[in-house]
Structures are given as structure tokens and as C-alpha cells.
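The file entry_38.txt comes next; it holds compact mmCIF, C-alpha atoms.
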```
# COMPACT_ATOMS: atom_id res chain seq x y z
CA MET G 1 -81.62 -54.51 -32.44
CA THR G 2 -80.96 -54.06 -28.78
CA GLY G 3 -81.64 -57.72 -28.05
CA ARG G 4 -79.26 -58.91 -30.80
CA LEU G 5 -76.43 -56.63 -29.52
CA SER G 6 -76.97 -57.89 -25.99
CA GLU G 7 -76.75 -61.49 -27.19
CA GLU G 8 -73.48 -60.88 -29.09
CA LEU G 9 -71.89 -59.17 -26.07
CA LYS G 10 -72.86 -62.10 -23.88
CA GLN G 11 -71.25 -64.56 -26.31
CA ALA G 12 -68.02 -62.45 -26.45
CA GLY G 13 -67.87 -62.33 -22.65
CA ASP G 14 -68.13 -66.08 -22.47
CA LEU G 15 -65.14 -66.47 -24.82
CA ALA G 16 -62.85 -63.80 -23.08
CA PRO G 17 -59.92 -64.98 -20.80
CA VAL G 18 -60.36 -64.63 -17.08
CA PHE G 19 -57.88 -62.27 -15.21
CA THR G 20 -57.30 -62.70 -11.51
CA VAL G 21 -56.59 -59.46 -9.56
CA ALA G 22 -54.79 -59.85 -6.23
CA PRO G 23 -56.70 -58.42 -3.27
CA ASP G 24 -53.75 -56.16 -2.17
CA THR G 25 -53.14 -54.56 -5.59
CA TYR G 26 -54.56 -51.23 -4.50
CA GLN G 27 -52.48 -51.11 -1.31
CA ARG G 28 -49.25 -51.96 -3.17
CA ALA G 29 -49.93 -49.23 -5.71
CA ARG G 30 -50.42 -46.70 -2.92
CA ARG G 31 -47.12 -47.77 -1.28
CA ALA G 32 -45.24 -47.43 -4.59
CA ARG G 33 -46.70 -43.99 -5.05
CA ARG G 34 -45.55 -42.97 -1.57
CA ARG G 35 -42.03 -44.28 -2.30
CA ASP G 36 -41.86 -42.20 -5.47
CA LEU G 37 -42.96 -39.11 -3.60
CA GLY G 38 -40.44 -39.80 -0.81
CA LEU G 39 -37.57 -40.18 -3.26
CA ALA G 40 -38.59 -36.96 -4.96
CA VAL G 41 -38.62 -35.11 -1.64
CA VAL G 42 -35.27 -36.56 -0.52
CA SER G 43 -33.57 -35.73 -3.81
CA SER G 44 -34.97 -32.21 -3.75
CA VAL G 45 -33.80 -31.65 -0.17
CA ALA G 46 -30.36 -33.06 -1.00
CA ALA G 47 -30.04 -30.78 -4.02
CA VAL G 48 -31.13 -27.74 -2.04
CA ALA G 49 -28.74 -28.60 0.82
CA LEU G 50 -25.84 -29.13 -1.58
CA ILE G 51 -26.43 -25.84 -3.35
CA ALA G 52 -26.91 -24.05 -0.04
CA GLY G 53 -23.65 -25.52 1.24
CA ILE G 54 -21.74 -24.34 -1.81
CA VAL G 55 -23.25 -20.87 -1.61
CA THR G 56 -22.68 -20.66 2.15
CA SER G 57 -19.06 -21.77 1.84
CA ALA G 58 -18.40 -19.23 -0.90
CA ALA G 59 -20.17 -16.52 1.06
CA ALA G 60 -18.20 -17.36 4.20
CA ARG G 61 -14.91 -16.88 2.35
CA GLU G 62 -16.23 -13.75 0.70
CA ASP G 63 -17.39 -12.32 4.03
CA ALA G 64 -14.17 -13.28 5.82
CA GLY G 65 -12.47 -10.11 4.64
CA PRO G 66 -9.81 -8.50 6.83
CA LEU G 67 -10.01 -9.87 10.36
CA PRO G 68 -11.11 -7.24 12.89
CA ALA G 69 -8.31 -5.41 14.68
CA ASP G 70 -10.05 -5.96 18.01
CA GLY G 71 -10.48 -9.68 17.48
CA GLN G 72 -10.39 -12.03 20.43
CA GLY G 73 -8.07 -14.62 18.91
CA PRO G 74 -4.82 -15.74 20.54
CA VAL G 75 -1.87 -13.35 20.47
CA GLY G 76 1.13 -14.26 18.32
CA VAL G 77 2.73 -14.49 14.89
CA PRO G 78 0.57 -16.14 12.20
CA SER G 79 1.64 -19.64 11.15
CA VAL G 80 1.40 -18.56 7.50
CA VAL G 81 2.24 -15.05 6.26
CA TYR G 82 0.38 -15.01 2.95
CA GLY G 83 1.33 -12.90 -0.03
CA ILE G 84 -1.19 -10.10 -0.49
CA PRO G 85 -2.36 -9.61 -4.10
CA SER G 86 -2.85 -6.10 -5.43
CA ASP G 87 -6.63 -6.64 -5.67
CA ALA G 88 -7.03 -7.86 -2.07
CA ASP G 89 -9.93 -6.13 -0.34
CA LEU G 90 -8.24 -4.52 2.66
CA GLY G 91 -10.27 -1.34 2.47
CA PRO G 92 -8.74 2.10 1.90
CA ALA G 93 -5.22 2.79 3.15
CA SER G 94 -5.41 4.50 6.54
CA SER G 95 -3.24 7.36 7.81
CA ASP G 96 -4.30 6.48 11.37
CA LEU G 97 -1.32 4.44 12.52
CA ALA G 98 -2.65 3.64 16.01
CA VAL G 99 -3.25 -0.01 15.13
CA GLY G 100 -1.75 -1.45 18.31
CA ARG G 101 0.99 -4.00 18.78
CA SER G 102 1.66 -5.85 15.56
CA ALA G 103 3.21 -9.21 14.70
CA VAL G 104 4.20 -8.77 11.04
CA SER G 105 4.90 -6.02 8.55
CA GLN G 106 4.94 -6.77 4.83
CA LEU G 107 4.31 -5.39 1.36
CA THR G 108 1.47 -6.22 -1.02
CA ASP G 109 2.21 -7.38 -4.55
CA ASP G 110 2.06 -3.74 -5.67
CA GLU G 111 4.35 -2.78 -2.76
CA GLU G 112 1.88 -1.10 -0.42
CA PRO G 113 2.70 -1.36 3.33
CA VAL G 114 0.58 -3.64 5.54
CA VAL G 115 0.85 -4.69 9.17
CA ILE G 116 -0.85 -7.69 10.77
CA ASP G 117 -1.66 -6.93 14.39
CA ASP G 118 -0.94 -9.42 17.16
CA ARG G 119 -4.49 -10.86 16.95
CA GLY G 120 -4.53 -11.31 13.17
CA GLY G 121 -6.10 -8.07 11.91
CA TYR G 122 -4.81 -6.71 8.59
CA HIS G 123 -4.15 -2.96 8.24
CA LEU G 124 -3.29 -1.28 4.93
CA LEU G 125 -1.35 1.85 5.90
CA ASP G 126 -0.81 5.21 4.28
CA LEU G 127 2.76 5.95 5.40
CA PRO G 128 3.77 9.52 4.52
CA GLY G 129 6.62 9.58 2.02
CA PHE G 130 6.95 5.79 1.76
CA SER G 131 7.82 4.68 -1.75
CA ARG G 132 9.01 1.35 -3.08
CA PRO G 133 11.43 0.21 -4.37
CA LEU G 134 13.36 3.13 -2.89
CA HIS G 135 12.67 2.30 0.75
CA MET G 136 11.92 -0.49 3.19
CA LEU G 137 9.93 -0.75 6.42
CA SER G 138 10.64 -2.68 9.61
CA LEU G 139 8.74 -3.71 12.73
CA SER G 140 10.45 -3.36 16.11
CA PRO G 141 11.09 -6.50 18.21
CA ASP G 142 8.18 -5.72 20.55
CA GLY G 143 5.82 -4.95 17.64
CA ARG G 144 5.00 -1.47 18.94
CA GLN G 145 7.04 0.63 16.49
CA LEU G 146 7.23 0.72 12.69
CA ALA G 147 10.15 2.37 10.89
CA TRP G 148 10.36 3.28 7.23
CA GLY G 149 12.49 5.37 4.89
CA TRP G 150 10.79 8.24 3.13
CA SER G 151 11.52 10.74 0.40
CA GLU G 152 9.61 13.30 -1.61
CA SER G 153 10.04 14.97 -4.96
CA ALA G 154 12.60 17.77 -5.01
CA SER G 155 10.86 20.92 -3.85
CA SER G 156 13.76 23.35 -4.05
CA ALA G 157 17.35 23.76 -5.16
CA LYS G 158 18.40 22.05 -1.93
CA GLY G 159 17.39 18.70 -3.40
CA THR G 160 15.11 15.89 -2.36
CA PRO G 161 13.73 15.87 1.19
CA PHE G 162 14.26 12.47 2.79
CA GLY G 163 14.82 10.70 6.09
CA VAL G 164 13.49 8.01 8.42
CA ARG G 165 10.13 8.03 10.16
CA ILE G 166 9.18 5.91 13.16
CA ALA G 167 5.54 5.38 14.13
CA ASP G 168 4.35 4.50 17.63
CA LEU G 169 1.67 1.91 16.80
CA ASP G 170 -0.09 2.42 20.14
CA SER G 171 -0.54 6.19 19.91
CA GLY G 172 -0.19 6.65 16.15
CA GLU G 173 2.38 9.44 16.65
CA VAL G 174 5.17 9.66 14.07
CA ARG G 175 8.75 10.71 14.87
CA GLU G 176 10.58 12.20 11.91
CA VAL G 177 14.36 11.66 11.93
CA ALA G 178 16.51 13.90 9.76
CA ILE G 179 19.48 12.50 7.85
CA GLU G 180 22.43 14.73 7.08
CA THR G 181 22.45 16.19 3.57
CA GLY G 182 24.72 14.61 1.01
CA THR G 183 23.64 11.08 1.97
CA SER G 184 21.57 9.00 -0.43
CA PRO G 185 17.87 9.10 0.49
CA TYR G 186 17.44 5.39 -0.16
CA VAL G 187 16.90 3.17 2.90
CA TYR G 188 17.33 -0.53 2.18
CA ASP G 189 17.36 -2.12 5.61
CA PHE G 190 16.92 -1.60 9.37
CA THR G 191 18.46 -3.25 12.42
CA TRP G 192 16.91 -2.82 15.88
CA SER G 193 18.57 -3.28 19.25
CA PRO G 194 16.99 -6.19 21.18
CA ASP G 195 15.11 -3.77 23.44
CA GLY G 196 13.79 -1.80 20.44
CA ARG G 197 15.24 1.54 21.58
CA TRP G 198 18.16 1.94 19.13
CA LEU G 199 17.87 1.70 15.37
CA VAL G 200 20.49 1.44 12.63
CA TRP G 201 19.41 2.09 9.04
CA GLU G 202 21.32 1.19 5.91
CA GLY G 203 21.18 2.44 2.33
CA ILE G 204 23.95 3.81 0.21
CA GLY G 205 24.84 5.43 3.52
CA ALA G 206 24.10 4.28 7.08
CA GLY G 207 23.12 5.89 10.37
CA ARG G 208 22.31 5.32 14.03
CA ILE G 209 19.16 6.68 15.68
CA ALA G 210 19.25 7.02 19.46
CA PRO G 211 16.14 6.63 21.63
CA GLY G 212 13.79 9.59 21.15
CA GLN G 213 16.21 11.46 18.86
CA VAL G 214 15.17 13.28 15.67
CA VAL G 215 18.59 13.37 14.00
CA SER G 216 20.46 10.35 12.61
CA GLU G 217 24.15 9.98 13.43
CA PRO G 218 26.31 8.74 10.51
CA VAL G 219 27.69 5.21 10.87
CA PRO G 220 30.62 3.88 8.80
CA ARG G 221 29.54 1.95 5.72
CA PRO G 222 32.52 -0.01 4.33
CA GLY G 223 32.87 -0.67 0.65
CA ASP G 224 33.01 -4.42 1.29
CA ASP G 225 30.27 -6.71 0.05
CA ASN G 226 27.49 -8.14 2.21
CA ILE G 227 27.46 -5.80 5.20
CA LEU G 228 25.71 -7.04 8.34
CA TYR G 229 24.95 -4.54 11.12
CA ALA G 230 24.11 -5.29 14.76
CA VAL G 231 23.40 -2.86 17.58
CA ASP G 232 23.12 -3.63 21.29
CA ASP G 233 20.94 -2.08 24.00
CA SER G 234 23.62 0.56 24.75
CA GLY G 235 23.86 1.68 21.12
CA VAL G 236 27.22 0.09 20.26
CA VAL G 237 27.29 -1.00 16.61
CA SER G 238 29.14 -3.92 15.00
CA ILE G 239 29.75 -3.95 11.27
CA ALA G 240 30.58 -7.37 9.79
CA THR G 241 31.65 -7.83 6.17
CA LEU G 242 33.42 -10.43 4.06
CA LYS G 243 36.78 -9.00 5.12
CA ALA G 244 36.51 -7.59 8.63
CA LEU G 245 34.53 -7.15 11.83
CA ARG G 246 34.43 -3.57 13.10
CA VAL G 247 32.97 -2.25 16.36
CA TRP G 248 31.90 1.40 16.45
CA ASP G 249 30.46 3.78 19.04
CA GLY G 250 30.94 7.27 17.69
CA GLU G 251 34.46 6.18 16.79
CA LEU G 252 36.03 2.94 15.61
CA LEU G 253 36.74 0.78 18.67
CA SER G 254 38.15 -2.29 16.91
CA ASN G 255 38.82 -3.68 13.44
CA GLU G 256 39.46 -7.43 13.15
CA VAL G 257 40.29 -9.12 9.87
CA ARG G 258 37.97 -11.98 8.85
CA GLU G 259 38.63 -14.98 6.68
CA THR G 260 37.45 -13.98 3.22
CA GLY G 261 34.89 -15.93 1.22
CA TRP G 262 32.29 -16.38 3.95
CA TYR G 263 29.24 -14.11 4.27
CA PRO G 264 28.26 -13.02 7.81
CA SER G 265 24.71 -14.16 8.55
CA ILE G 266 24.10 -13.69 12.29
CA SER G 267 26.14 -11.51 14.62
CA THR G 268 25.97 -9.62 17.89
CA VAL G 269 28.10 -6.84 19.32
CA ALA G 270 29.22 -9.08 22.19
CA ASP G 271 29.99 -12.22 20.18
CA GLY G 272 30.80 -10.92 16.73
CA VAL G 273 29.86 -13.19 13.83
CA LEU G 274 28.10 -16.34 15.06
CA VAL G 275 26.90 -17.92 11.82
CA GLU G 276 28.27 -17.44 8.33
CA THR G 277 27.35 -18.74 4.90
CA ILE G 278 29.14 -19.68 1.73
CA GLN G 279 27.08 -19.70 -1.46
CA ARG G 280 27.78 -21.52 -4.70
CA ASP G 281 25.78 -21.19 -7.90
CA ARG G 282 25.63 -24.24 -10.14
CA ASP G 283 23.66 -25.12 -13.25
CA ASP G 284 21.44 -27.65 -11.50
CA THR G 285 20.81 -25.96 -8.14
CA PHE G 286 21.68 -23.19 -5.74
CA THR G 287 23.64 -24.48 -2.79
CA THR G 288 24.59 -22.94 0.53
CA ARG G 289 26.76 -24.04 3.39
CA HIS G 290 26.52 -22.73 6.93
CA ARG G 291 28.98 -22.90 9.79
CA ARG G 292 28.97 -21.81 13.39
CA LEU G 293 31.72 -19.77 15.03
CA VAL G 294 32.63 -19.57 18.71
CA ASP G 295 35.40 -17.16 19.72
CA GLY G 296 36.31 -16.90 16.07
CA GLU G 297 36.82 -20.64 15.70
CA VAL G 298 34.70 -22.92 13.52
CA VAL G 299 32.97 -25.45 15.77
CA GLU G 300 30.44 -27.07 13.44
CA ALA G 301 28.56 -27.10 10.19
CA ILE G 302 24.89 -26.46 10.91
CA ALA G 303 23.04 -29.60 9.85
CA THR G 304 19.63 -28.08 10.60
CA LEU G 305 20.16 -25.65 7.72
CA ASP G 306 21.29 -28.22 5.15
CA ASP G 307 19.74 -27.69 1.72
CA ARG G 308 18.24 -24.38 2.78
CA SER G 309 19.29 -20.93 1.75
CA PHE G 310 19.81 -18.54 4.64
CA VAL G 311 18.22 -15.24 3.72
CA SER G 312 18.30 -12.90 6.70
CA ASP G 313 18.10 -12.66 10.46
CA LEU G 314 14.87 -11.11 11.74
CA GLY G 315 15.81 -10.47 15.36
CA TRP G 316 16.45 -12.21 18.65
CA VAL G 317 13.89 -14.26 20.56
CA ASP G 318 16.25 -14.11 23.55
CA ALA G 319 19.97 -13.70 24.11
CA ARG G 320 20.85 -16.99 22.38
CA GLN G 321 17.98 -17.70 20.01
CA ALA G 322 17.93 -15.99 16.60
CA LEU G 323 14.82 -15.69 14.42
CA VAL G 324 15.79 -16.22 10.78
CA LEU G 325 14.12 -16.41 7.38
CA THR G 326 15.16 -19.35 5.20
CA VAL G 327 13.99 -20.76 1.88
CA ASP G 328 14.26 -24.29 0.48
CA THR G 329 15.20 -23.02 -2.98
CA PRO G 330 15.30 -19.47 -4.31
CA ALA G 331 12.78 -20.37 -7.02
CA SER G 332 10.19 -21.75 -4.59
CA GLY G 333 8.94 -18.37 -3.42
CA VAL G 334 8.15 -19.92 -0.02
CA GLY G 335 10.19 -19.10 3.06
CA HIS G 336 10.23 -20.36 6.62
CA LEU G 337 10.41 -18.62 9.97
CA ASP G 338 12.94 -20.65 11.93
CA VAL G 339 14.52 -20.09 15.33
CA LEU G 340 18.16 -21.14 15.71
CA ASP G 341 19.10 -22.02 19.28
CA LEU G 342 22.77 -21.05 19.68
CA SER G 343 22.99 -21.59 23.44
CA ASP G 344 25.07 -24.78 23.17
CA PRO G 345 28.50 -23.98 21.65
CA GLU G 346 28.81 -27.51 20.29
CA ASP G 347 25.35 -27.99 18.84
CA THR G 348 22.85 -25.78 17.01
CA THR G 349 19.21 -26.81 17.02
CA SER G 350 16.19 -25.14 15.45
CA TYR G 351 12.42 -25.11 15.52
CA ARG G 352 9.96 -23.80 12.97
CA VAL G 353 7.52 -20.99 13.71
CA GLY G 354 5.75 -20.47 10.42
CA GLU G 355 5.75 -20.11 6.67
CA VAL G 356 6.28 -16.94 4.63
CA ARG G 357 4.76 -16.40 1.19
CA GLY G 358 4.73 -12.60 1.19
CA GLN G 359 7.42 -10.05 0.35
CA GLY G 360 9.25 -7.49 2.48
CA VAL G 361 8.34 -9.38 5.68
CA THR G 362 9.60 -8.37 9.13
CA VAL G 363 8.46 -9.99 12.38
CA ALA G 364 8.12 -8.93 16.02
CA ALA G 365 10.60 -11.41 17.49
CA ASP G 366 9.33 -10.86 21.03
CA LEU G 367 6.08 -12.63 20.05
CA VAL G 368 7.99 -15.82 19.18
CA ALA G 369 8.85 -18.55 21.69
CA ALA G 370 9.49 -22.29 21.74
CA ASP G 371 6.21 -22.87 23.57
CA ARG G 372 4.33 -20.45 21.33
CA PRO G 373 4.49 -21.58 17.68
CA GLY G 374 2.80 -19.71 14.86
CA ILE G 375 -0.91 -19.10 15.41
CA GLU G 376 -3.25 -20.63 12.84
CA ARG G 377 -5.45 -17.84 11.49
CA PRO G 378 -8.48 -18.13 9.16
CA ALA G 379 -7.39 -17.64 5.56
CA GLN G 380 -8.53 -14.35 4.10
CA ALA G 381 -11.01 -14.24 1.20
CA TRP G 382 -8.26 -13.24 -1.24
CA VAL G 383 -5.92 -16.12 -0.31
CA VAL G 384 -5.51 -18.61 -3.15
CA ASP G 385 -3.40 -21.62 -2.28
CA GLU G 386 -3.42 -25.37 -2.79
CA ASP G 387 -5.75 -26.00 0.12
CA SER G 388 -8.35 -23.48 -1.00
CA SER G 389 -8.05 -24.66 -4.61
CA SER G 390 -8.63 -28.24 -3.48
CA SER G 391 -11.65 -27.18 -1.45
CA ALA G 392 -13.09 -25.34 -4.40
CA ALA G 393 -12.50 -28.35 -6.62
CA MET G 394 -14.19 -30.66 -4.11
CA LEU G 395 -17.18 -28.33 -3.93
CA ALA G 396 -17.42 -28.27 -7.71
CA ILE G 397 -17.16 -32.05 -7.95
CA GLY G 398 -19.70 -32.47 -5.16
CA GLY G 399 -22.10 -30.08 -6.87
CA ALA G 400 -21.80 -31.88 -10.19
CA GLY G 401 -22.24 -35.24 -8.47
CA GLY G 402 -25.35 -33.99 -6.70
CA LEU G 403 -26.88 -32.81 -9.95
CA VAL G 404 -26.13 -36.19 -11.57
CA VAL G 405 -27.85 -37.98 -8.67
CA VAL G 406 -30.91 -35.74 -8.93
CA ALA G 407 -31.10 -36.24 -12.71
CA GLY G 408 -30.73 -40.01 -12.30
CA LEU G 409 -33.56 -40.14 -9.74
CA GLY G 410 -35.77 -38.14 -12.06
CA TRP G 411 -35.07 -40.52 -14.94
CA TRP G 412 -35.73 -43.58 -12.73
CA MET G 413 -39.03 -42.14 -11.53
CA ARG G 414 -40.17 -41.44 -15.09
CA ARG G 415 -39.30 -45.00 -16.14
CA ARG G 416 -41.11 -46.38 -13.12
CA ARG G 417 -44.26 -44.41 -13.91
CA ALA G 418 -44.09 -45.55 -17.54
```
Kindly present the structure from the file in C-alpha cells form.
Amino acid sequence: MTGRLSEELKQAGDLAPVFTVAPDTYQRARRARRRDLGLAVVSSVAAVALIAGIVTSAAAREDAGPLPADGQGPVGVPSVVYGIPSDADLGPASSDLAVGRSAVSQLTDDEEPVVIDDRGGYHLLDLPGFSRPLHMLSLSPDGRQLAWGWSESASSAKGTPFGVRIADLDSGEVREVAIETGTSPYVYDFTWSPDGRWLVWEGIGAGRIAPGQVVSEPVPRPGDDNILYAVDDSGVVSIATLKALRVWDGELLSNEVRETGWYPSISTVADGVLVETIQRDRDDTFTTRHRRLVDGEVVEAIATLDDRSFVSDLGWVDARQALVLTVDTPASGVGHLDVLDLSDPEDTTSYRVGEVRGQGVTVAADLVAADRPGIERPAQAWVVDEDSSSSAAMLAIGGAGGLVVVAGLGWWMRRRRA
């Protein structure tokens, strides 16, 4: 049996085709195997790096948080004053007001007071008696004082306690200024003298606060529309309205009639109204026109403000340069910090300092200069804007693309092995 089987196998072997195997087959197989392993390692490393990058980027934004108050960044006004959402993580509101010189004061979306110090640190403050929308707050030109109106619930038959408080941001001490009874407790606006020593507040009433004083002196508040106050370093107050320009220092010193129809926008005690605005509402847009006055005469329309709405003056960079807040359109919600150079009577130029997206913003004008534009600060973790949205989208697209590449390599390797 064994012999017959052996004979049949021999005959089958003689009839079988002959296959030639190349001498380097084994080496080529080993190289292919190494390539497969290399691709697997590279794809794995790429996937891990991509995921790590996404996680690290997200963590970096999450860990950014409020910038430290003692940061070592450059001193100045931020190039973008972001709106602060009500859920922003600024930590608990602090009653310690010794935060140091500050560049910006503003309100969060739920109207809580915040200051940004001159190095970019955010401080959520617990200001005694501050309540929106009844009151406003304002930063002094040098950024070392913060003023706000305050009121409390009626505690007796005498009515509601109210007044103005001024914090020294270096020491944290608060000066409480009494307002005569019978005046409305609401404080809508503040105007500082250029040296930051005198302060005029405005509400339904108005008053002047002298350096170091704890009692406010009543200031005339005309019944005209659109009142604009200015106070100089000696405490003299000018009161510009649609109809007149008054100068007051304990008594009315002058009362000049103005051409009606134009709103005063920038004024000083020495020069009176310098820039005024006329506003027209139309169905398709909101238009404004601005003109410059010298000695009461119109010298030019201000081309640098064309197609922008003048909102308010924020102080004086120097004797002839005014810091103003403008917006492109009222619906945009985005404002600009611009400096108008009024030194040349025949020509008004401007330069841009920064962008404003927040509400209730005041700025320390002394920290602004032509050679010191807005300082670019790292965006906080709670900032959501087009740039951050684009970055997030790019990360998401990159992550999806990386996963597709890894899946494709895995499929190719399986096909190759098959």
C-alpha cells in the first residue's frame, strides 16, 4: 500500500507546474512589513498630537481666566474692550478697592462694575450702594480714582439715602460725598477736570465736588435738551445745551445764546463748544453730521467722522486732543476709541486707539497717546468673537480631518495585508 501511494505521488509531482520564487522574496516581505508598522506608528503619533493640540488649546483658553493684577505686561489701554457676559469667571466681587491704577471701567452684561487695571488685570468690584440702572461709574483721567453714584432703600421717614462715592484705587479708601436733600438720587454721568481733582456729576440734578470735599455743591441744570458739562482745573464749570452756553463758578458768569438744532459734543471752559453734531433719523439709516467751531464760527465739517455716530467724549489726552467714543452704526454694538486732534483750527485729524464692545465704558485718558496705541491683550476664556469662533472651527475641522486620515490608513493597511 505504501509503495503504491508513493508511486502515485511521484507521478503527480511530475505533472505539476513549476513555480519560480525570486531569491529576494523574503527580504521584500520584511521591508513591506516594516513600512506597515512605520505607517501605523506615524498615524498613531499624528492622531495623538492632534488630539493633544486640541486639548491643550482648549485648556489654555480655559486656564487663561482673569489676567493677574500684578502682571508684567505693557502699561496702557487695551486695544479691545470686550463685553463681559454675566457668566464670565471673574471670581467673587471684591470690596477691596486697592486695585491700583486702572485703564478702563465698565459694566458686565448683568450690570456689575469691573475695572481693568493698567496691565490688563480684570477686577470685579463690590461697590457699596452701587445699583444699575439708577447710577453710573467713571474712571478719573489718571486712572487712580473711581466715582459712582449710590443709593440705598429708604431707612426712615427722611427718605432714601444717596450720594456720590469716590474710591482711591491705590489705597482702597472711599470718600463719601453728601448731596443736598430734595435732589434726585440718580446719577447718570460724571465729568472730571483734566487734572482729576474736580468732579461734576449729573442726574435729574447736578453738582460740583471740590478736591477732598465731602459735600456736593449744586450746579445749575437747565431744562434744555442734551446738556454737556465741562470743568477746568480751577473748578469753573461750563454748561452747553442746544440753546445756550453758560459759564458758572458759584454764580452765573456768562450766558451766550447758541444756534439751535446742533448738539454740543466736545467743549471746554476756555473754548466753549468745539465740536457739535446734528442727527437725522431716516428709514434706511441713522446719519450724523459733525462740524468744528473756532471762536463761535464754523470752520469745517469733520471728514474724519463721516458715517460715524458721535457718542460721547471720554476726556482729554492733552490740551488739544479729545478722546471720544464713536460707533459706525447704532445697531452694530461695536464702538471705537478715537482721538480727535483739534490743535489746527483749519483741520481736524484723528487716530484710533481701540475697539469697544462692552457697555458703560470709561477710559483713563492719560494712558492714551499718539505713540502709545491700544495694547493687545490675550483674550479671556469667556471671550467669544469671530476670531475665537474661527479658531474653534479650524480645530474641529482639523480634528475631523485627522480622524479621517487615521481611518483611511487603517483601511489601506487591512487591504494590503489581505
Set the distance at 10 Å and use only C-alpha atoms: which residues neighbour range 246-254 of chain G once local chain neighbours fewer than 3 positions away are removed? I'd like the list as a ChimeraX atom specification. /G:208,217-220,222,229-231,234-241,243,257,269-270,272
Residue subset to file, keeping C-alpha atoms, as a PDB file, in the coordinates of the input:
```pdb
ATOM      1  CA  ARG G 208      22.310   5.320  14.030  1.00  0.00           C
ATOM      2  CA  GLU G 217      24.150   9.980  13.430  1.00  0.00           C
ATOM      3  CA  PRO G 218      26.310   8.740  10.510  1.00  0.00           C
ATOM      4  CA  VAL G 219      27.690   5.210  10.870  1.00  0.00           C
ATOM      5  CA  PRO G 220      30.620   3.880   8.800  1.00  0.00           C
ATOM      6  CA  PRO G 222      32.520  -0.010   4.330  1.00  0.00           C
ATOM      7  CA  TYR G 229      24.950  -4.540  11.120  1.00  0.00           C
ATOM      8  CA  ALA G 230      24.110  -5.290  14.760  1.00  0.00           C
ATOM      9  CA  VAL G 231      23.400  -2.860  17.580  1.00  0.00           C
ATOM     10  CA  SER G 234      23.620   0.560  24.750  1.00  0.00           C
ATOM     11  CA  GLY G 235      23.860   1.680  21.120  1.00  0.00           C
ATOM     12  CA  VAL G 236      27.220   0.090  20.260  1.00  0.00           C
ATOM     13  CA  VAL G 237      27.290  -1.000  16.610  1.00  0.00           C
ATOM     14  CA  SER G 238      29.140  -3.920  15.000  1.00  0.00           C
ATOM     15  CA  ILE G 239      29.750  -3.950  11.270  1.00  0.00           C
ATOM     16  CA  ALA G 240      30.580  -7.370   9.790  1.00  0.00           C
ATOM     17  CA  THR G 241      31.650  -7.830   6.170  1.00  0.00           C
ATOM     18  CA  LYS G 243      36.780  -9.000   5.120  1.00  0.00           C
ATOM     19  CA  VAL G 257      40.290  -9.120   9.870  1.00  0.00           C
ATOM     20  CA  VAL G 269      28.100  -6.840  19.320  1.00  0.00           C
ATOM     21  CA  ALA G 270      29.220  -9.080  22.190  1.00  0.00           C
ATOM     22  CA  GLY G 272      30.800 -10.920  16.730  1.00  0.00           C
TER      23      GLY G 272
END
```
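Between CA of Val104 in chain G and CA of Leu137 in chain G the separation is 10.9 Å.
Using only C-alpha atoms, the shortest contact distance between Asp168 in chain G and any of G:Ala206, G:Asp189, G:Leu97, G:Gly149 is found at G:Leu97.
Restricting the calculation to all atoms listed in the file, the smallest distance between Tyr186 in chain G and any of G:Gly261, G:Gly205, G:Pro113, G:Gly360 is found for G:Gly205.
Among the candidates G:Ile266, G:Ala364, G:Ile278, G:Val99, the one nearest to Leu340 in chain G when counting all atoms listed in the file is G:Ile266.
Computed from the coordinates, the CA of Ile179 in chain G to CA of Ile209 in chain G distance equals 9.8 Å.
Here CA of Pro133 in chain G and CA of Thr287 in chain G stand 27.6 Å from one another.
Between Val187 in chain G and the residues G:Glu111, G:Asp347, G:Glu202, G:Glu173, the shortest atom-to-atom distance, using all atoms listed in the file, involves G:Glu202.
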Of the residues G:Ala88, G:Leu228, G:Val353, G:Ala369, which is the one nearest to Tyr263 in chain G, using all atoms listed in the file? G:Leu228
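When only C-alpha atoms are used to measure the gap to Val317 in chain G, the shortest distance among G:Leu342, G:Arg101, G:Asp224, G:Glu256 belongs to G:Leu342.
For Ser312 in chain G, the non-local neighbours within 7 Å, defined as residues at least 3 positions apart in the same chain or in other chains and counting only C-alpha atoms, are Ser265, Val324 and Leu325 of chain G.
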Output file for the selection above: C-alpha atoms, as a PDB file, in the frame of the given file:
```
ATOM      1  CA  SER G 265      24.710 -14.160   8.550  1.00  0.00           C
ATOM      2  CA  VAL G 324      15.790 -16.220  10.780  1.00  0.00           C
ATOM      3  CA  LEU G 325      14.120 -16.410   7.380  1.00  0.00           C
TER       4      LEU G 325
END
```
